[in-house]
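Novice: See start-v6.cif below, with mmCIF, C-alpha atoms.
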data_start
loop_
_atom_site.label_atom_id
_atom_site.label_comp_id
_atom_site.auth_asym_id
_atom_site.auth_seq_id
_atom_site.Cartn_x
_atom_site.Cartn_y
_atom_site.Cartn_z
CA MET A 188 -32.29 53.21 18.86
CA SER A 189 -30.00 52.80 15.89
CA SER A 190 -26.95 53.40 18.11
CA PHE A 191 -28.15 50.69 20.50
CA ARG A 192 -28.66 48.26 17.68
CA LEU A 193 -25.15 48.93 16.27
CA GLY A 194 -23.50 48.41 19.66
CA ARG A 195 -25.45 45.25 20.20
CA LEU A 196 -24.38 43.97 16.78
CA VAL A 197 -20.74 44.74 17.52
CA GLY A 198 -21.03 42.96 20.85
CA ILE A 199 -22.59 39.94 19.24
CA LEU A 200 -19.79 39.83 16.63
CA VAL A 201 -17.05 40.18 19.24
CA GLY A 202 -18.67 37.56 21.39
CA THR A 203 -18.96 35.23 18.46
CA VAL A 204 -15.29 35.69 17.59
CA VAL A 205 -14.32 35.06 21.21
CA ILE A 206 -16.48 31.97 21.45
CA LEU A 207 -15.16 30.63 18.14
CA GLY A 208 -11.59 31.48 19.13
CA VAL A 209 -11.90 29.71 22.43
CA GLY A 210 -13.63 26.81 20.69
CA ILE A 211 -10.77 26.44 18.23
CA TYR A 212 -7.90 27.51 20.51
CA GLY A 213 -8.74 25.07 23.26
CA PRO A 214 -8.94 21.91 21.13
CA ALA A 215 -5.98 22.98 18.97
CA THR A 216 -3.70 23.47 21.93
CA LEU A 217 -4.99 20.85 24.36
CA LEU A 218 -5.88 18.06 21.93
CA GLY A 219 -3.76 18.84 18.85
CA PRO A 220 -0.48 17.07 17.91
CA LEU A 221 2.73 18.19 19.51
CA PRO A 222 5.58 19.41 17.32
CA ALA A 223 8.14 16.73 16.42
CA VAL A 224 11.43 16.80 18.25
CA THR A 225 14.45 18.35 16.54
CA ALA A 226 17.05 15.71 15.62
CA THR A 227 20.78 16.27 15.12
CA THR A 228 23.07 13.46 13.99
CA VAL A 229 26.36 13.11 15.89
CA THR A 230 29.49 11.01 15.59
CA PRO A 231 30.15 8.80 18.62
CA GLY A 232 33.55 8.41 20.22
CA ASP A 233 35.83 6.06 18.27
CA SER A 234 34.86 2.60 19.52
CA ALA A 235 36.35 0.68 16.59
CA ALA A 236 39.86 -0.72 16.64
CA ALA A 237 42.59 1.35 15.07
CA PRO A 238 43.14 0.32 11.44
CA THR A 239 45.95 -2.15 10.78
CA PRO A 240 46.49 -2.20 7.01
CA PRO A 241 47.65 -5.43 5.34
CA THR A 242 51.29 -5.59 4.38
CA LEU A 243 51.30 -6.25 0.63
CA SER A 244 54.06 -6.45 -1.93
CA SER A 245 55.33 -3.47 -3.89
CA ASP A 246 56.29 -5.83 -6.73
CA GLY A 247 53.86 -6.60 -9.54
CA ALA A 248 50.33 -6.57 -8.16
CA SER A 249 48.61 -8.03 -5.13
CA ALA A 250 45.20 -7.94 -3.50
CA ILE A 251 43.29 -9.63 -0.70
CA ALA A 252 39.54 -9.86 -0.15
CA VAL A 253 37.26 -11.04 2.66
CA LEU A 254 36.11 -14.60 2.22
CA ALA A 255 34.35 -15.47 5.50
CA ALA A 256 34.39 -15.13 9.26
CA THR A 257 33.14 -17.77 11.71
CA THR A 258 32.42 -17.47 15.41
CA SER A 259 31.73 -20.27 17.88
CA GLY A 260 29.51 -19.62 20.87
CA ALA A 261 26.62 -20.89 22.96
CA SER A 262 24.27 -20.59 20.00
CA GLY A 263 26.57 -22.63 17.73
CA THR A 264 28.88 -21.64 14.92
CA THR A 265 27.94 -18.72 12.73
CA SER A 266 29.52 -17.82 9.43
CA THR A 267 29.49 -14.47 7.72
CA ALA A 268 30.55 -14.22 4.07
CA ALA A 269 31.42 -10.89 2.56
CA ASP A 270 31.42 -9.48 -0.91
CA THR A 271 34.76 -10.53 -2.37
CA SER A 272 34.42 -7.99 -5.18
CA ALA A 273 35.41 -5.31 -2.65
CA PRO A 274 39.05 -5.99 -1.70
CA ILE A 275 40.47 -5.38 1.75
CA ALA A 276 43.60 -3.97 0.17
CA VAL A 277 45.35 -3.66 -3.20
CA ALA A 278 49.00 -2.92 -3.94
CA GLY A 279 51.18 -2.52 -7.01
CA THR A 280 49.80 -1.88 -10.45
CA THR A 281 46.07 -1.99 -11.15
CA GLU A 282 46.71 -3.10 -14.73
CA ALA A 283 46.06 -6.66 -15.89
CA LEU A 284 49.22 -8.78 -15.76
CA PRO A 285 50.02 -12.23 -17.20
CA MET A 286 48.65 -14.76 -14.72
CA ALA A 287 50.51 -17.97 -15.64
CA SER A 288 48.79 -21.09 -14.25
CA ILE A 289 46.09 -19.11 -12.46
CA ALA A 290 44.41 -19.47 -15.85
CA LYS A 291 44.01 -23.18 -15.02
CA VAL A 292 41.80 -22.23 -12.07
CA VAL A 293 39.57 -20.43 -14.56
CA THR A 294 39.59 -23.58 -16.70
CA ALA A 295 38.56 -25.78 -13.77
CA LEU A 296 35.70 -23.50 -12.69
CA VAL A 297 34.40 -23.00 -16.24
CA VAL A 298 34.47 -26.76 -16.91
CA LEU A 299 32.68 -27.47 -13.63
CA ASP A 300 30.10 -24.86 -14.57
CA ALA A 301 29.47 -26.63 -17.88
CA LYS A 302 29.95 -30.20 -16.57
CA PRO A 303 29.08 -30.17 -12.85
CA ILE A 304 30.16 -33.04 -10.61
CA VAL A 305 27.82 -34.25 -7.88
CA ALA A 306 29.42 -33.88 -4.46
CA GLY A 307 31.18 -37.07 -3.44
CA GLU A 308 31.30 -38.45 -6.98
CA SER A 309 33.95 -38.42 -9.70
CA GLY A 310 31.90 -37.33 -12.70
CA PRO A 311 31.76 -38.99 -16.11
CA ILE A 312 34.54 -41.16 -17.55
CA VAL A 313 36.53 -39.50 -20.33
CA THR A 314 38.42 -41.51 -22.94
CA LEU A 315 41.54 -39.65 -24.01
CA THR A 316 42.39 -39.26 -27.68
CA THR A 317 45.47 -39.16 -29.85
CA ALA A 318 45.32 -35.36 -29.63
CA ASP A 319 45.52 -35.60 -25.84
CA PHE A 320 48.59 -37.85 -26.08
CA GLN A 321 50.20 -35.47 -28.57
CA SER A 322 49.58 -32.52 -26.22
CA TYR A 323 51.41 -34.40 -23.49
CA LEU A 324 54.37 -35.11 -25.80
CA ASP A 325 54.56 -31.48 -26.95
CA TYR A 326 54.48 -29.97 -23.44
CA ASP A 327 56.88 -32.56 -22.06
CA LYS A 328 59.36 -31.87 -24.86
CA SER A 329 59.19 -28.10 -24.22
CA GLY A 330 59.83 -28.54 -20.52
CA ALA A 331 56.39 -27.26 -19.48
CA ARG A 332 54.60 -28.96 -16.60
CA SER A 333 52.75 -32.06 -17.75
CA VAL A 334 51.28 -35.30 -16.43
CA THR A 335 51.67 -38.45 -18.51
CA VAL A 336 48.69 -39.69 -20.51
CA PHE A 337 48.22 -42.20 -23.31
CA ALA A 338 45.65 -42.41 -26.07
CA ASN A 339 42.53 -44.42 -25.18
CA GLU A 340 43.19 -44.12 -21.43
CA GLN A 341 40.10 -43.53 -19.34
CA TRP A 342 40.11 -40.76 -16.74
CA THR A 343 37.22 -39.47 -14.66
CA GLU A 344 36.43 -35.78 -14.86
CA LEU A 345 37.60 -35.41 -11.26
CA GLU A 346 40.95 -37.03 -12.09
CA LEU A 347 41.41 -34.68 -15.03
CA LEU A 348 40.76 -31.69 -12.77
CA GLN A 349 43.10 -33.03 -10.09
CA ALA A 350 45.92 -33.31 -12.62
CA LEU A 351 45.02 -29.83 -13.90
CA LEU A 352 44.96 -28.06 -10.53
CA LEU A 353 47.19 -30.10 -8.23
CA GLY A 354 49.73 -31.09 -10.86
CA SER A 355 49.37 -27.84 -12.87
CA SER A 356 49.36 -30.07 -15.97
CA ASN A 357 49.33 -28.01 -19.16
CA ASN A 358 48.26 -30.96 -21.31
CA HIS A 359 45.34 -31.67 -18.97
CA ALA A 360 44.19 -28.06 -19.31
CA ASP A 361 43.89 -28.56 -23.08
CA SER A 362 42.38 -32.03 -22.73
CA VAL A 363 39.61 -31.04 -20.32
CA ALA A 364 38.84 -27.92 -22.39
CA ARG A 365 38.51 -30.00 -25.58
CA TRP A 366 36.38 -32.58 -23.81
CA ALA A 367 33.98 -30.03 -22.27
CA PHE A 368 33.70 -27.58 -25.20
CA GLY A 369 34.85 -29.42 -28.33
CA SER A 370 37.99 -27.32 -28.83
CA VAL A 371 40.29 -24.98 -26.94
CA ASP A 372 39.04 -22.07 -29.06
CA ALA A 373 35.44 -22.82 -28.09
CA TYR A 374 36.53 -23.06 -24.46
CA VAL A 375 38.20 -19.61 -24.64
CA VAL A 376 34.92 -18.04 -25.84
CA ALA A 377 32.99 -19.72 -23.02
CA ALA A 378 35.62 -18.82 -20.41
CA ASN A 379 35.62 -15.13 -21.25
CA ALA A 380 31.82 -15.07 -21.12
CA TRP A 381 31.99 -16.77 -17.70
CA LEU A 382 34.53 -14.23 -16.44
CA THR A 383 32.21 -11.41 -17.50
CA ASP A 384 29.25 -13.08 -15.78
CA GLN A 385 31.28 -13.28 -12.56
CA GLY A 386 32.10 -9.57 -12.74
CA LEU A 387 35.78 -10.24 -13.47
CA THR A 388 35.75 -7.81 -16.36
CA ASP A 389 39.45 -6.89 -16.19
CA THR A 390 40.54 -10.49 -16.73
CA ALA A 391 40.64 -12.46 -19.99
CA VAL A 392 42.12 -15.72 -21.26
CA VAL A 393 43.36 -16.75 -24.69
CA ASP A 394 44.29 -20.32 -23.73
CA ALA A 395 43.40 -22.95 -21.14
CA ASN A 396 46.72 -23.09 -19.28
CA GLY A 397 48.09 -19.53 -19.04
CA LEU A 398 51.27 -20.09 -21.00
CA HIS A 399 50.27 -17.26 -23.33
CA ASP A 400 51.11 -13.79 -22.00
CA ALA A 401 47.70 -12.47 -23.10
CA SER A 402 45.95 -14.60 -20.49
CA ALA A 403 46.02 -11.83 -17.93
CA GLY A 404 44.08 -10.40 -15.01
CA THR A 405 44.16 -7.81 -12.26
CA ALA A 406 45.03 -8.71 -8.68
CA THR A 407 41.58 -7.51 -7.57
CA ASP A 408 39.81 -9.82 -10.02
CA LEU A 409 42.03 -12.76 -9.20
CA ALA A 410 41.61 -12.36 -5.43
CA GLN A 411 37.89 -12.74 -6.12
CA LEU A 412 38.63 -15.72 -8.37
CA ALA A 413 40.45 -17.32 -5.41
CA GLY A 414 37.29 -16.88 -3.35
CA LEU A 415 35.18 -18.51 -6.06
CA ALA A 416 37.56 -21.47 -6.22
CA ALA A 417 37.76 -21.85 -2.44
CA THR A 418 33.97 -21.93 -2.10
CA ASP A 419 33.44 -24.40 -4.95
CA PRO A 420 32.73 -27.75 -3.25
CA VAL A 421 34.71 -29.85 -5.75
CA VAL A 422 37.76 -27.59 -5.81
CA SER A 423 37.79 -27.01 -2.04
CA ALA A 424 37.55 -30.78 -1.38
CA MET A 425 40.38 -31.37 -3.85
CA LEU A 426 42.61 -28.84 -2.08
CA ALA A 427 41.73 -30.21 1.36
CA SER A 428 42.52 -33.83 0.35
CA PRO A 429 45.03 -33.80 -2.51
CA ALA A 430 45.18 -36.96 -4.57
CA SER A 431 48.40 -38.96 -4.34
CA ALA A 432 47.63 -40.94 -7.48
CA LEU A 433 45.33 -40.53 -10.47
CA ALA A 434 44.34 -42.80 -13.36
CA ASN A 435 46.36 -46.04 -13.56
CA ARG A 436 48.18 -45.08 -10.33
CA ARG A 437 49.71 -42.12 -12.13
CA GLY A 438 51.52 -40.03 -9.53
CA VAL A 439 51.01 -36.26 -9.33
CA LEU A 440 53.05 -33.72 -7.42
CA ASN A 441 50.86 -31.22 -5.53
CA THR A 442 52.12 -27.86 -6.76
CA THR A 443 49.58 -25.74 -4.87
CA SER A 444 50.66 -26.20 -1.24
CA TYR A 445 52.77 -23.33 0.07
CA LEU A 446 53.47 -22.14 3.63
CA PRO A 447 50.62 -24.12 5.26
CA GLU A 448 52.26 -23.48 8.64
CA GLU A 449 51.34 -19.81 8.17
CA GLY A 450 47.67 -20.70 7.71
CA ILE A 451 47.84 -20.45 3.91
CA THR A 452 46.03 -22.77 1.49
CA GLY A 453 47.48 -22.52 -1.99
CA ILE A 454 45.19 -22.76 -5.01
CA SER A 455 47.69 -22.09 -7.80
CA ARG A 456 51.45 -21.46 -7.73
CA SER A 457 53.40 -20.98 -10.96
CA TYR A 458 56.08 -19.12 -12.85
CA THR A 459 56.65 -17.95 -16.43
CA ASP A 460 59.23 -15.53 -17.77
CA ALA A 461 56.50 -13.02 -18.64
CA ALA A 462 54.36 -13.45 -15.51
CA GLY A 463 57.02 -13.94 -12.85
CA VAL A 464 55.90 -15.88 -9.79
CA CYS A 465 52.11 -15.95 -9.41
CA PHE A 466 50.20 -17.26 -6.42
CA LEU A 467 46.48 -17.68 -5.73
CA PHE A 468 45.47 -18.63 -2.20
CA THR A 469 43.26 -18.35 0.85
CA ALA A 470 44.49 -17.78 4.40
CA GLU A 471 42.98 -18.09 7.86
CA VAL A 472 43.58 -16.32 11.15
CA SER A 473 42.00 -17.82 14.28
CA ASP A 474 41.96 -17.22 18.01
CA GLY A 475 40.49 -20.64 18.78
CA ALA A 476 36.89 -19.50 19.12
CA SER A 477 36.66 -17.39 15.97
CA SER A 478 38.33 -17.47 12.60
CA PHE A 479 38.70 -15.10 9.67
CA THR A 480 39.44 -16.28 6.13
CA PHE A 481 40.53 -14.15 3.21
CA SER A 482 41.46 -14.83 -0.39
CA GLY A 483 44.38 -13.31 -2.22
CA ALA A 484 46.40 -13.05 -5.41
CA TYR A 485 50.04 -12.16 -6.07
CA LEU A 486 51.21 -11.47 -9.62
CA GLY A 487 54.67 -10.61 -10.92
CA GLU A 488 56.69 -11.60 -7.86
CA PRO A 489 60.36 -11.62 -8.88
CA THR A 490 61.33 -14.86 -7.08
CA TYR A 491 59.93 -17.53 -4.78
CA ASP A 492 62.08 -16.12 -1.97
CA ALA A 493 60.38 -12.75 -2.47
CA LEU A 494 56.96 -14.45 -2.45
CA THR A 495 57.82 -16.25 0.79
CA ALA A 496 58.94 -13.04 2.48
CA ASP A 497 55.87 -11.15 1.27
CA LEU A 498 53.46 -13.84 2.46
CA ILE A 499 55.09 -14.05 5.90
CA ALA A 500 54.81 -10.26 6.20
CA LEU A 501 51.16 -10.40 5.10
CA MET A 502 50.27 -13.05 7.67
CA GLY A 503 52.06 -11.08 10.38
CA SER A 504 49.91 -8.05 9.59
CA ALA A 505 46.83 -10.30 9.48
CA ARG A 506 47.47 -11.66 12.96
CA ALA A 507 47.95 -8.08 14.19
CA GLY A 508 44.89 -6.70 12.42
CA VAL A 509 42.27 -9.43 12.80
CA GLY A 510 40.20 -9.51 15.96
CA ALA A 511 36.85 -8.80 17.57
CA LEU A 512 35.80 -5.32 16.47
CA PRO A 513 33.16 -3.50 18.61
CA VAL A 514 32.07 -1.54 15.58
CA LEU A 515 28.61 -0.69 16.92
CA ALA A 516 28.98 -0.51 20.69
CA ALA A 517 25.94 -0.44 22.97
CA GLY A 518 25.35 3.07 24.31
CA ASP A 519 27.10 4.87 21.46
CA ALA A 520 25.00 7.91 20.45
CA TYR A 521 24.36 8.63 16.77
CA ALA A 522 21.79 11.44 17.21
CA THR A 523 20.47 13.87 19.80
CA PHE A 524 16.88 15.05 20.19
CA GLU A 525 15.42 18.20 21.70
CA SER A 526 11.73 18.92 22.13
CA ALA A 527 10.15 22.35 21.84
CA TRP A 528 9.47 22.25 25.60
CA GLY A 529 13.12 21.50 26.48
CA ASP A 530 13.33 17.73 26.96
CA GLU A 531 16.53 16.18 25.61
CA ALA A 532 17.56 12.62 24.74
CA SER A 533 19.88 10.64 22.47
CA ALA A 534 19.53 7.85 19.92
CA VAL A 535 21.91 5.15 21.14
CA VAL A 536 22.86 1.66 19.96
CA GLY A 537 20.73 -0.80 21.89
CA VAL A 538 22.70 -4.01 21.35
CA SER A 539 26.37 -4.16 20.38
CA ARG A 540 27.34 -5.48 16.97
CA THR A 541 30.80 -7.04 17.12
CA ARG A 542 32.60 -8.72 14.22
CA TYR A 543 35.69 -10.87 14.11
CA ALA A 544 37.31 -9.21 11.15
CA TRP A 545 40.26 -7.30 9.79
CA GLN A 546 39.99 -3.58 10.45
CA ALA A 547 42.22 -2.65 7.53
CA ALA A 548 40.93 0.91 7.10
CA THR A 549 38.89 3.52 8.94
CA PRO A 550 35.19 2.65 8.47
CA GLU A 551 33.10 4.83 6.23
CA ALA A 552 30.68 7.27 7.85
CA ALA A 553 27.65 5.61 9.35
CA ILE A 554 24.25 6.01 7.67
CA VAL A 555 21.65 7.01 10.27
CA THR A 556 17.91 6.73 9.64
CA LEU A 557 15.61 8.35 12.25
CA LYS A 558 11.90 8.23 12.88
CA ASP A 559 9.75 11.36 13.32
CA PHE A 560 8.17 11.56 16.78
CA ALA A 561 7.04 14.05 19.39
CA THR A 562 6.94 11.89 22.51
CA ALA A 563 8.32 8.42 23.22
CA ARG A 564 9.25 6.30 26.19
CA SER A 565 12.82 5.53 27.19
CA GLY A 566 14.15 2.61 25.17
CA ALA A 567 11.77 3.14 22.26
CA ASN A 568 13.10 2.25 18.81
CA VAL A 569 13.77 5.60 17.12
CA GLY A 570 15.88 4.61 14.12
CA GLN A 571 18.70 2.53 12.71
CA VAL A 572 22.42 2.94 12.07
CA ARG A 573 24.21 1.14 9.21
CA LEU A 574 27.86 1.02 8.23
CA THR A 575 30.33 -1.18 6.36
CA VAL A 576 33.32 -2.52 8.26
CA ALA A 577 35.98 -4.82 6.81
CA GLY A 578 33.75 -5.60 3.88
CA GLU A 579 30.70 -6.48 5.99
CA ASP A 580 27.41 -4.56 6.16
CA LEU A 581 26.34 -4.10 9.79
CA SER A 582 23.29 -2.47 11.33
CA ALA A 583 21.82 -1.85 14.77
CA ALA A 584 18.58 -0.42 16.13
CA LEU A 585 18.80 2.98 17.82
CA LYS A 586 17.00 3.34 21.13
CA LEU A 587 15.88 6.48 22.97
CA SER A 588 18.16 7.10 25.96
CA GLU A 589 15.60 9.13 27.95
CA GLY A 590 11.86 9.40 27.65
CA ILE A 591 10.32 12.51 26.10
CA ALA A 592 6.89 13.06 27.68
CA ASP A 593 3.91 15.28 26.89
CA PRO A 594 4.59 18.74 28.41
CA GLY A 595 1.05 18.99 29.80
CA PRO A 596 -1.91 21.40 29.27
CA GLY A 597 -0.16 24.43 30.79
CA TRP A 598 2.62 24.44 28.20
CA ARG A 599 0.18 23.69 25.43
CA LEU A 600 -2.10 26.64 26.30
CA LEU A 601 0.84 29.04 26.59
CA HIS A 602 2.28 28.13 23.17
CA PRO A 603 -0.61 28.51 20.73
CA ILE A 604 1.51 29.40 17.71
CA VAL A 605 3.68 26.30 18.09
CA MET A 606 0.67 24.06 18.64
CA ILE A 607 -1.39 25.47 15.77
CA THR A 608 1.64 25.27 13.44
CA ALA A 609 2.08 21.60 14.37
CA LEU A 610 -1.62 21.01 13.67
CA LEU A 611 -1.41 22.69 10.25
CA GLU A 612 1.78 20.79 9.32
CA GLN A 613 0.17 17.49 10.15
#
Translate the structure of the given file into structure tokens.

Specialist:
Amino acid sequence: MSSFRLGRLVGILVGTVVILGVGIYGPATLLGPLPAVTATTVTPGDSAAAPTPPTLSSDGASAIAVLAATTSGASGTTSTAADTSAPIAVAGTTEALPMASIAKVVTALVVLDAKPIVAGESGPIVTLTTADFQSYLDYDKSGARSVTVFANEQWTELELLQALLLGSSNNHADSVARWAFGSVDAYVVAANAWLTDQGLTDTAVVDANGLHDASAGTATDLAQLAGLAATDPVVSAMLASPASALANRRGVLNTTSYLPEEGITGISRSYTDAAGVCFLFTAEVSDGASSFTFSGAYLGEPTYDALTADLIALMGSARAGVGALPVLAAGDAYATFESAWGDEASAVVGVSRTRYAWQAATPEAAIVTLKDFATARSGANVGQVRLTVAGEDLSAALKLSEGIADPGPGWRLLHPIVMITALLEQ
């Protein structure tokens, strides 16, 4: 009797284990989550244009930075601005060099920051003083660039800035600094604070006109300064429509224009013995439907002939290097997937991202972000790819090239360890 009872007990226990096992095994394998696919990132075939570096000068220092790109199409004109703090290219020394009259561009922007002019207006009227007249006499006697003024003359703020930038007037640099800040010394303090605020930390001024050698900057900083000037509405309007006469029909020679036939818009062009030839500018390359604009700075050019040759070489390289770049081409694969049951697929760019830009260097490696999934239909959004090309941040959604379907109950029942592991991990 005792033997019968023991066997019955063992049978009951075994039966219970079997029933419980089947009760757990069935739901775990048939109803439980599938294991996520295994993802492997890949590098697609090179769909971007071969890099065409800018041709920059080996003299002094030079740099160019992206300003904007525009494209015309059925949906209208679109404009893409890039971060001008990241240059396209830099050449020569990275040290700060005397910047000559580029310092006057700083003066103009700092004064406009403190005394803004409403678009389309001329700003307040400024009555010039005896000190302003004396500044004119002193600079004129020394042979430095100047525009005639007299004490008690009235100039608008815009006229002062036109004489400062277009005429590169040294006396107007001092006059507008005194008017806006009370003294040139007070202006210098404000200007250096403004430069720091703009991130131009390797550039500093000690005067308002750049005649002092210690008013110096790096080509990288000053290429960004060119972008700031070109996008300021007052300065850009002034450069687009230079004044032929100022207060009391006072004539002013436009010193900024240089090689416009090459697509160059000058912002400041000057020379001192310490600085050499210095040039601040923007330039545009266009194919009729799209255009690409960049800002630039040249410091320490030995002669104007050298500057001319260097700018022509730069624009030649720009016309060769600027174009429509298929940087994220539709169908390019950035990852592959494989399921535990053998299905395979890829994460591909769904819609091309093309930019009209200057491919000056090989793009950095793409950053791929993928979603976790076990099954998905063809075309499902499975991630994103991001990369920076020619100073622009681009991104595109990644789509699944082939569907990955549920393997069915047969595979599930025959792979209990995989299924139970997936259940436990979830």

Novice: Could you please determine the separation between CA of Gly414 in chain A and CA of Val439 in chain A in Å, to one decimal place?

Specialist: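 So the two atoms, CA of Gly414 in chain A and CA of Val439 in chain A, lie 24.5 Å apart.
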
Novice: Any chance you could work out the residue set of the PyMOL selection byres ((chain A and resi 452) around 10) here, as an mmCIF file with C-alpha atoms, in the frame of the given file?

Specialist:
data_model
loop_
_atom_site.group_PDB
_atom_site.id
_atom_site.type_symbol
_atom_site.label_atom_id
_atom_site.label_comp_id
_atom_site.auth_asym_id
_atom_site.auth_seq_id
_atom_site.Cartn_x
_atom_site.Cartn_y
_atom_site.Cartn_z
ATOM 1 C CA ALA A 417 37.760 -21.850 -2.440
ATOM 2 C CA SER A 423 37.790 -27.010 -2.040
ATOM 3 C CA LEU A 426 42.610 -28.840 -2.080
ATOM 4 C CA ALA A 427 41.730 -30.210 1.360
ATOM 5 C CA THR A 443 49.580 -25.740 -4.870
ATOM 6 C CA SER A 444 50.660 -26.200 -1.240
ATOM 7 C CA TYR A 445 52.770 -23.330 0.070
ATOM 8 C CA LEU A 446 53.470 -22.140 3.630
ATOM 9 C CA PRO A 447 50.620 -24.120 5.260
ATOM 10 C CA GLU A 448 52.260 -23.480 8.640
ATOM 11 C CA GLU A 449 51.340 -19.810 8.170
ATOM 12 C CA GLY A 450 47.670 -20.700 7.710
ATOM 13 C CA ILE A 451 47.840 -20.450 3.910
ATOM 14 C CA GLY A 453 47.480 -22.520 -1.990
ATOM 15 C CA ILE A 454 45.190 -22.760 -5.010
ATOM 16 C CA SER A 455 47.690 -22.090 -7.800
ATOM 17 C CA LEU A 467 46.480 -17.680 -5.730
ATOM 18 C CA PHE A 468 45.470 -18.630 -2.200
ATOM 19 C CA THR A 469 43.260 -18.350 0.850
ATOM 20 C CA ALA A 470 44.490 -17.780 4.400
ATOM 21 C CA GLU A 471 42.980 -18.090 7.860
ATOM 22 C CA SER A 482 41.460 -14.830 -0.390
#

Novice: Would you write out, as a PDB file with C-alpha atoms, in the frame of the given file, every residue that the PyMOL selection byres ((chain A and resi 316) around 6) captures in this file?

Specialist:
ATOM      1  CA  LEU A 315      41.540 -39.650 -24.010  1.00  0.00           C
ATOM      2  CA  THR A 317      45.470 -39.160 -29.850  1.00  0.00           C
ATOM      3  CA  ALA A 318      45.320 -35.360 -29.630  1.00  0.00           C
ATOM      4  CA  ASP A 319      45.520 -35.600 -25.840  1.00  0.00           C
ATOM      5  CA  ALA A 338      45.650 -42.410 -26.070  1.00  0.00           C
ATOM      6  CA  ASN A 339      42.530 -44.420 -25.180  1.00  0.00           C
TER       7      ASN A 339
END

Novice: Within 10 Å of range 248-250 of chain A, counting all atoms listed in the file, which residues show up once you throw out same-chain ones fewer than 5 positions away? Write them as number ranges by chain, please.

Specialist: A: 241, 243, 274-284, 405-411, 465-467, 482-488

Novice: Looking at all atoms listed in the file, which of A:Ala252, A:Val336, A:Leu581, A:Ala401 is the one that sits closest to Trp545 in chain A?

Specialist: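 Of all the options, A:Ala252 lies closest to Trp545 in chain A.
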
Novice: Write out as a ChimeraX atom specification the residues lying within 9 Å of Thr556 in chain A, counting only C-alpha atoms and excluding same-chain residues fewer than 2 positions away.

Specialist: /A:554,558,569-573

Novice: Please list as a PyMOL selection string every residue within 9 Å of Leu498 in chain A, counting all atoms listed in the file and excluding residues in the same chain fewer than 2 positions away.

Specialist: chain A and resi 242-244+446+449+451+493-496+500-503

Novice: Could you tell me how far CA of Pro231 in chain A lies from CA of Trp528 in chain A, in Å and to one decimal?

Specialist: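 Between CA of Pro231 in chain A and CA of Trp528 in chain A the gap is 25.6 Å.
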
Novice: Just so the selection is clear, what residues does the PyMOL selection byres ((chain A and resi 589-596) around 6) cover here, as a ChimeraX atom specification?

Specialist: /A:217,532,562-565,587-588,597-599

Novice: When distances are computed from only C-alpha atoms, which of A:Leu296, A:Ser473, A:Glu346, A:Val509 shows the smallest separation from Gln385 in chain A?

Specialist: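 Answer, going by the shortest atom-to-atom distance: A:Leu296.
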
Novice: If we count all atoms listed in the file, what is near range 300-306 of chain A at a cut-off of 8 Å, once residues fewer than 2 positions away on the same chain are taken out, given as a list in words?

Specialist: Leu296, Val297, Val298, Glu308, Ser309, Gly310, Leu345, Ala367, Pro420 and Val421 of chain A

Novice: Please produce an output containing C-alpha atoms for each residue in the selection, written as a PDB file, in the frame of the given file.

Specialist:
ATOM      1  CA  LEU A 296      35.700 -23.500 -12.690  1.00  0.00           C
ATOM      2  CA  VAL A 297      34.400 -23.000 -16.240  1.00  0.00           C
ATOM      3  CA  VAL A 298      34.470 -26.760 -16.910  1.00  0.00           C
ATOM      4  CA  GLU A 308      31.300 -38.450  -6.980  1.00  0.00           C
ATOM      5  CA  SER A 309      33.950 -38.420  -9.700  1.00  0.00           C
ATOM      6  CA  GLY A 310      31.900 -37.330 -12.700  1.00  0.00           C
ATOM      7  CA  LEU A 345      37.600 -35.410 -11.260  1.00  0.00           C
ATOM      8  CA  ALA A 367      33.980 -30.030 -22.270  1.00  0.00           C
ATOM      9  CA  PRO A 420      32.730 -27.750  -3.250  1.00  0.00           C
ATOM     10  CA  VAL A 421      34.710 -29.850  -5.750  1.00  0.00           C
TER      11      VAL A 421
END
